[in-house]
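Visitor: Next comes query.pdb, PDB, C-alpha atoms:
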ATOM      1  CA  MET K   1      -8.549 -16.779  16.461
ATOM      2  CA  ASP K   2      -6.300 -17.511  13.508
ATOM      3  CA  TYR K   3      -3.118 -15.717  12.482
ATOM      4  CA  GLU K   4      -4.775 -13.793   9.657
ATOM      5  CA  LYS K   5      -7.345 -12.282  12.003
ATOM      6  CA  ILE K   6      -4.683 -11.449  14.592
ATOM      7  CA  THR K   7      -2.512  -9.821  11.942
ATOM      8  CA  ASP K   8      -5.431  -7.841  10.567
ATOM      9  CA  LYS K   9      -6.375  -6.578  14.031
ATOM     10  CA  LEU K  10      -2.787  -5.546  14.750
ATOM     11  CA  ILE K  11      -2.477  -3.706  11.443
ATOM     12  CA  GLN K  12      -5.776  -1.912  12.008
ATOM     13  CA  ARG K  13      -4.731  -0.876  15.538
ATOM     14  CA  VAL K  14      -1.384   0.472  14.354
ATOM     15  CA  ILE K  15      -3.041   2.369  11.510
ATOM     16  CA  SER K  16      -5.558   3.861  13.894
ATOM     17  CA  GLU K  17      -3.081   4.627  16.689
ATOM     18  CA  PHE K  18      -0.678   6.479  14.406
ATOM     19  CA  ASN K  19      -3.357   8.129  12.247
ATOM     20  CA  LEU K  20      -2.182   6.398   9.101
ATOM     21  CA  GLU K  21      -5.568   5.905   7.502
ATOM     22  CA  LYS K  22      -4.924   8.397   4.698
ATOM     23  CA  VAL K  23      -1.411   7.124   3.957
ATOM     24  CA  TYR K  24      -2.601   3.525   3.979
ATOM     25  CA  GLN K  25      -5.451   4.355   1.619
ATOM     26  CA  GLU K  26      -3.052   6.131  -0.724
ATOM     27  CA  PHE K  27      -0.853   3.042  -0.664
ATOM     28  CA  LEU K  28      -3.807   0.816  -1.530
ATOM     29  CA  ASP K  29      -4.835   3.185  -4.309
ATOM     30  CA  SER K  30      -1.336   3.055  -5.757
ATOM     31  CA  LEU K  31      -1.514  -0.731  -5.861
ATOM     32  CA  VAL K  32      -4.741  -0.557  -7.809
ATOM     33  CA  GLU K  33      -3.157   1.845 -10.298
ATOM     34  CA  LEU K  34      -0.192  -0.500 -10.770
ATOM     35  CA  ASN K  35      -1.924  -3.825 -10.366
ATOM     36  CA  ASP K  36      -0.114  -5.630 -13.182
ATOM     37  CA  PHE K  37       3.557  -5.495 -12.226
ATOM     38  CA  ASN K  38       4.496  -8.260 -14.654
ATOM     39  CA  LYS K  39       3.787  -6.050 -17.658
ATOM     40  CA  LEU K  40       5.320  -2.922 -16.169
ATOM     41  CA  ASP K  41       8.817  -2.083 -17.289
ATOM     42  CA  ASN K  42      11.331  -0.512 -14.921
ATOM     43  CA  LYS K  43      11.377   2.860 -16.635
ATOM     44  CA  LYS K  44       7.617   3.317 -16.367
ATOM     45  CA  PHE K  45       7.671   2.219 -12.746
ATOM     46  CA  GLN K  46      10.474   4.684 -11.951
ATOM     47  CA  GLU K  47       8.535   7.473 -13.656
ATOM     48  CA  TYR K  48       5.495   6.582 -11.560
ATOM     49  CA  LEU K  49       7.551   6.661  -8.359
ATOM     50  CA  ASP K  50       9.146   9.978  -9.289
ATOM     51  CA  LYS K  51       5.765  11.479 -10.042
ATOM     52  CA  ASN K  52       4.181  10.255  -6.792
ATOM     53  CA  GLU K  53       6.982  10.865  -4.320
ATOM     54  CA  LEU K  54       5.895  11.954  -0.876
TER
END
Let me see whether you can do it: turn the structure in this file into structure tokens.

Guide:
Amino acid sequence: MDYEKITDKLIQRVISEFNLEKVYQEFLDSLVELNDFNKLDNKKFQEYLDKNEL
């Protein structure tokens, strides 16, 4: 087994054990919404964070 598979299994176990599926999915969704960080200025990013605070 390689390190990537071990890491993936560990992450999946932690997510499952602590019931973090929803939070993890929200995190992934937020990455999709902000997928081009190079073109994103700080002000827009701060506004996004303020709007989506937990």

Visitor: Quick one: distance from atom CA of Asp8 of chain K to atom CA of Tyr24 of chain K in Å, one decimal?

Guide: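 Atom-to-atom, atom CA of Asp8 of chain K and atom CA of Tyr24 of chain K are spaced 13.4 Å apart.
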
Visitor: For Tyr48 of chain K, which of K:Glu4, K:Gln25, K:Ser30, K:Ile15 is the closest residue, counting all atoms listed in the file?

Guide: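 Closest to Tyr48 of chain K, using all atoms listed in the file: K:Ser30.
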
Visitor: Expressed in Å to a single decimal, how great is the separation between atom CA of Ile11 of chain K and atom CA of Val23 of chain K?

Guide: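 Distance reported for this atom pair: 13.2 Å.
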
Visitor: What is the atom CA of Leu40 of chain K to atom CA of Phe27 of chain K distance in Å?

Guide: 17.7 Å

Visitor: Do a neighbour search on Asn52 of chain K at 12 Å with all atoms listed in the file, toss out local chain neighbours closer than 6 positions, and write the hits as a list in words.

Guide: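 The filter keeps Glu26, Phe27, Asp29, Ser30, Glu33, Phe45 and Gln46 of chain K.
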
Visitor: Mind working out the centre and edge lengths of an axis-aligned box for segment 17-34 of chain K, all listed atoms inside, 3 Å added to each side, rounded to one decimal in Å and written as lines of an AutoDock Vina configuration file?

Guide:
center_x = -2.9
center_y = 3.8
center_z = 3.0
size_x = 11.4
size_y = 15.1
size_z = 33.5

Visitor: Is it possible to add all heavy atoms to segment 41-52 of chain K and hand it back as a compact mmCIF listing (two decimals), in the coordinates of the input?

Guide:
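Output contents, as saved in part_15.txt:
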# COMPACT_ATOMS: atom_id res chain seq x y z
N ASP K 41 7.36 -2.13 -17.18
CA ASP K 41 8.82 -2.08 -17.29
C ASP K 41 9.39 -1.14 -16.23
O ASP K 41 8.70 -0.32 -15.65
CB ASP K 41 9.28 -1.71 -18.69
CG ASP K 41 8.91 -0.29 -19.11
OD1 ASP K 41 8.45 0.49 -18.25
OD2 ASP K 41 9.11 0.03 -20.29
N ASN K 42 10.68 -1.27 -15.99
CA ASN K 42 11.33 -0.51 -14.92
C ASN K 42 11.26 0.99 -15.13
O ASN K 42 11.09 1.75 -14.18
CB ASN K 42 12.79 -0.94 -14.78
CG ASN K 42 12.91 -2.32 -14.20
OD1 ASN K 42 12.00 -2.81 -13.55
ND2 ASN K 42 14.04 -2.95 -14.44
N LYS K 43 11.40 1.43 -16.36
CA LYS K 43 11.38 2.86 -16.64
C LYS K 43 10.03 3.47 -16.28
O LYS K 43 9.95 4.51 -15.64
CB LYS K 43 11.71 3.11 -18.10
CG LYS K 43 11.80 4.58 -18.43
CD LYS K 43 12.19 4.81 -19.88
CE LYS K 43 12.23 6.30 -20.14
NZ LYS K 43 12.50 6.61 -21.50
N LYS K 44 8.96 2.81 -16.68
CA LYS K 44 7.62 3.32 -16.37
C LYS K 44 7.38 3.33 -14.86
O LYS K 44 6.79 4.26 -14.32
CB LYS K 44 6.56 2.46 -17.05
CG LYS K 44 6.55 2.60 -18.54
CD LYS K 44 5.26 3.23 -18.95
CE LYS K 44 5.19 3.21 -20.46
NZ LYS K 44 4.95 4.51 -21.01
N PHE K 45 7.84 2.29 -14.20
CA PHE K 45 7.67 2.22 -12.75
C PHE K 45 8.46 3.34 -12.07
O PHE K 45 7.96 4.00 -11.15
CB PHE K 45 8.11 0.85 -12.23
CG PHE K 45 7.84 0.66 -10.76
CD1 PHE K 45 6.56 0.69 -10.26
CD2 PHE K 45 8.88 0.46 -9.89
CE1 PHE K 45 6.30 0.52 -8.93
CE2 PHE K 45 8.65 0.28 -8.54
CZ PHE K 45 7.36 0.32 -8.05
N GLN K 46 9.67 3.60 -12.51
CA GLN K 46 10.47 4.68 -11.95
C GLN K 46 9.81 6.03 -12.19
O GLN K 46 9.78 6.88 -11.30
CB GLN K 46 11.89 4.67 -12.54
CG GLN K 46 12.80 5.68 -11.89
CD GLN K 46 13.00 5.43 -10.42
OE1 GLN K 46 13.27 4.30 -10.01
NE2 GLN K 46 12.82 6.45 -9.61
N GLU K 47 9.25 6.24 -13.37
CA GLU K 47 8.54 7.47 -13.66
C GLU K 47 7.34 7.63 -12.72
O GLU K 47 7.07 8.72 -12.22
CB GLU K 47 8.06 7.48 -15.10
CG GLU K 47 9.17 7.66 -16.11
CD GLU K 47 8.71 7.45 -17.55
OE1 GLU K 47 7.50 7.17 -17.78
OE2 GLU K 47 9.56 7.56 -18.44
N TYR K 48 6.63 6.54 -12.48
CA TYR K 48 5.50 6.58 -11.56
C TYR K 48 5.96 6.97 -10.15
O TYR K 48 5.36 7.83 -9.51
CB TYR K 48 4.79 5.22 -11.54
CG TYR K 48 3.72 5.15 -10.49
CD1 TYR K 48 2.46 5.67 -10.74
CD2 TYR K 48 3.96 4.58 -9.25
CE1 TYR K 48 1.47 5.63 -9.78
CE2 TYR K 48 2.99 4.54 -8.28
CZ TYR K 48 1.73 5.07 -8.55
OH TYR K 48 0.78 5.04 -7.60
N LEU K 49 7.04 6.35 -9.68
CA LEU K 49 7.55 6.66 -8.36
C LEU K 49 8.00 8.12 -8.26
O LEU K 49 7.73 8.80 -7.27
CB LEU K 49 8.71 5.73 -8.00
CG LEU K 49 8.36 4.27 -7.76
CD1 LEU K 49 9.62 3.47 -7.50
CD2 LEU K 49 7.37 4.12 -6.63
N ASP K 50 8.69 8.59 -9.28
CA ASP K 50 9.15 9.98 -9.29
C ASP K 50 7.97 10.95 -9.24
O ASP K 50 8.02 11.95 -8.53
CB ASP K 50 10.00 10.26 -10.52
CG ASP K 50 11.33 9.55 -10.48
OD1 ASP K 50 11.75 9.11 -9.39
OD2 ASP K 50 11.96 9.42 -11.55
N LYS K 51 6.94 10.62 -9.97
CA LYS K 51 5.76 11.48 -10.04
C LYS K 51 5.00 11.50 -8.72
O LYS K 51 4.43 12.52 -8.33
CB LYS K 51 4.85 10.98 -11.17
CG LYS K 51 3.63 11.82 -11.37
CD LYS K 51 2.82 11.28 -12.55
CE LYS K 51 1.40 11.15 -12.13
NZ LYS K 51 0.57 10.48 -13.09
N ASN K 52 4.99 10.38 -8.00
CA ASN K 52 4.18 10.26 -6.79
C ASN K 52 5.01 10.23 -5.51
O ASN K 52 4.56 9.69 -4.51
CB ASN K 52 3.34 8.98 -6.88
CG ASN K 52 2.30 9.09 -7.96
OD1 ASN K 52 1.45 9.96 -7.91
ND2 ASN K 52 2.39 8.22 -8.94
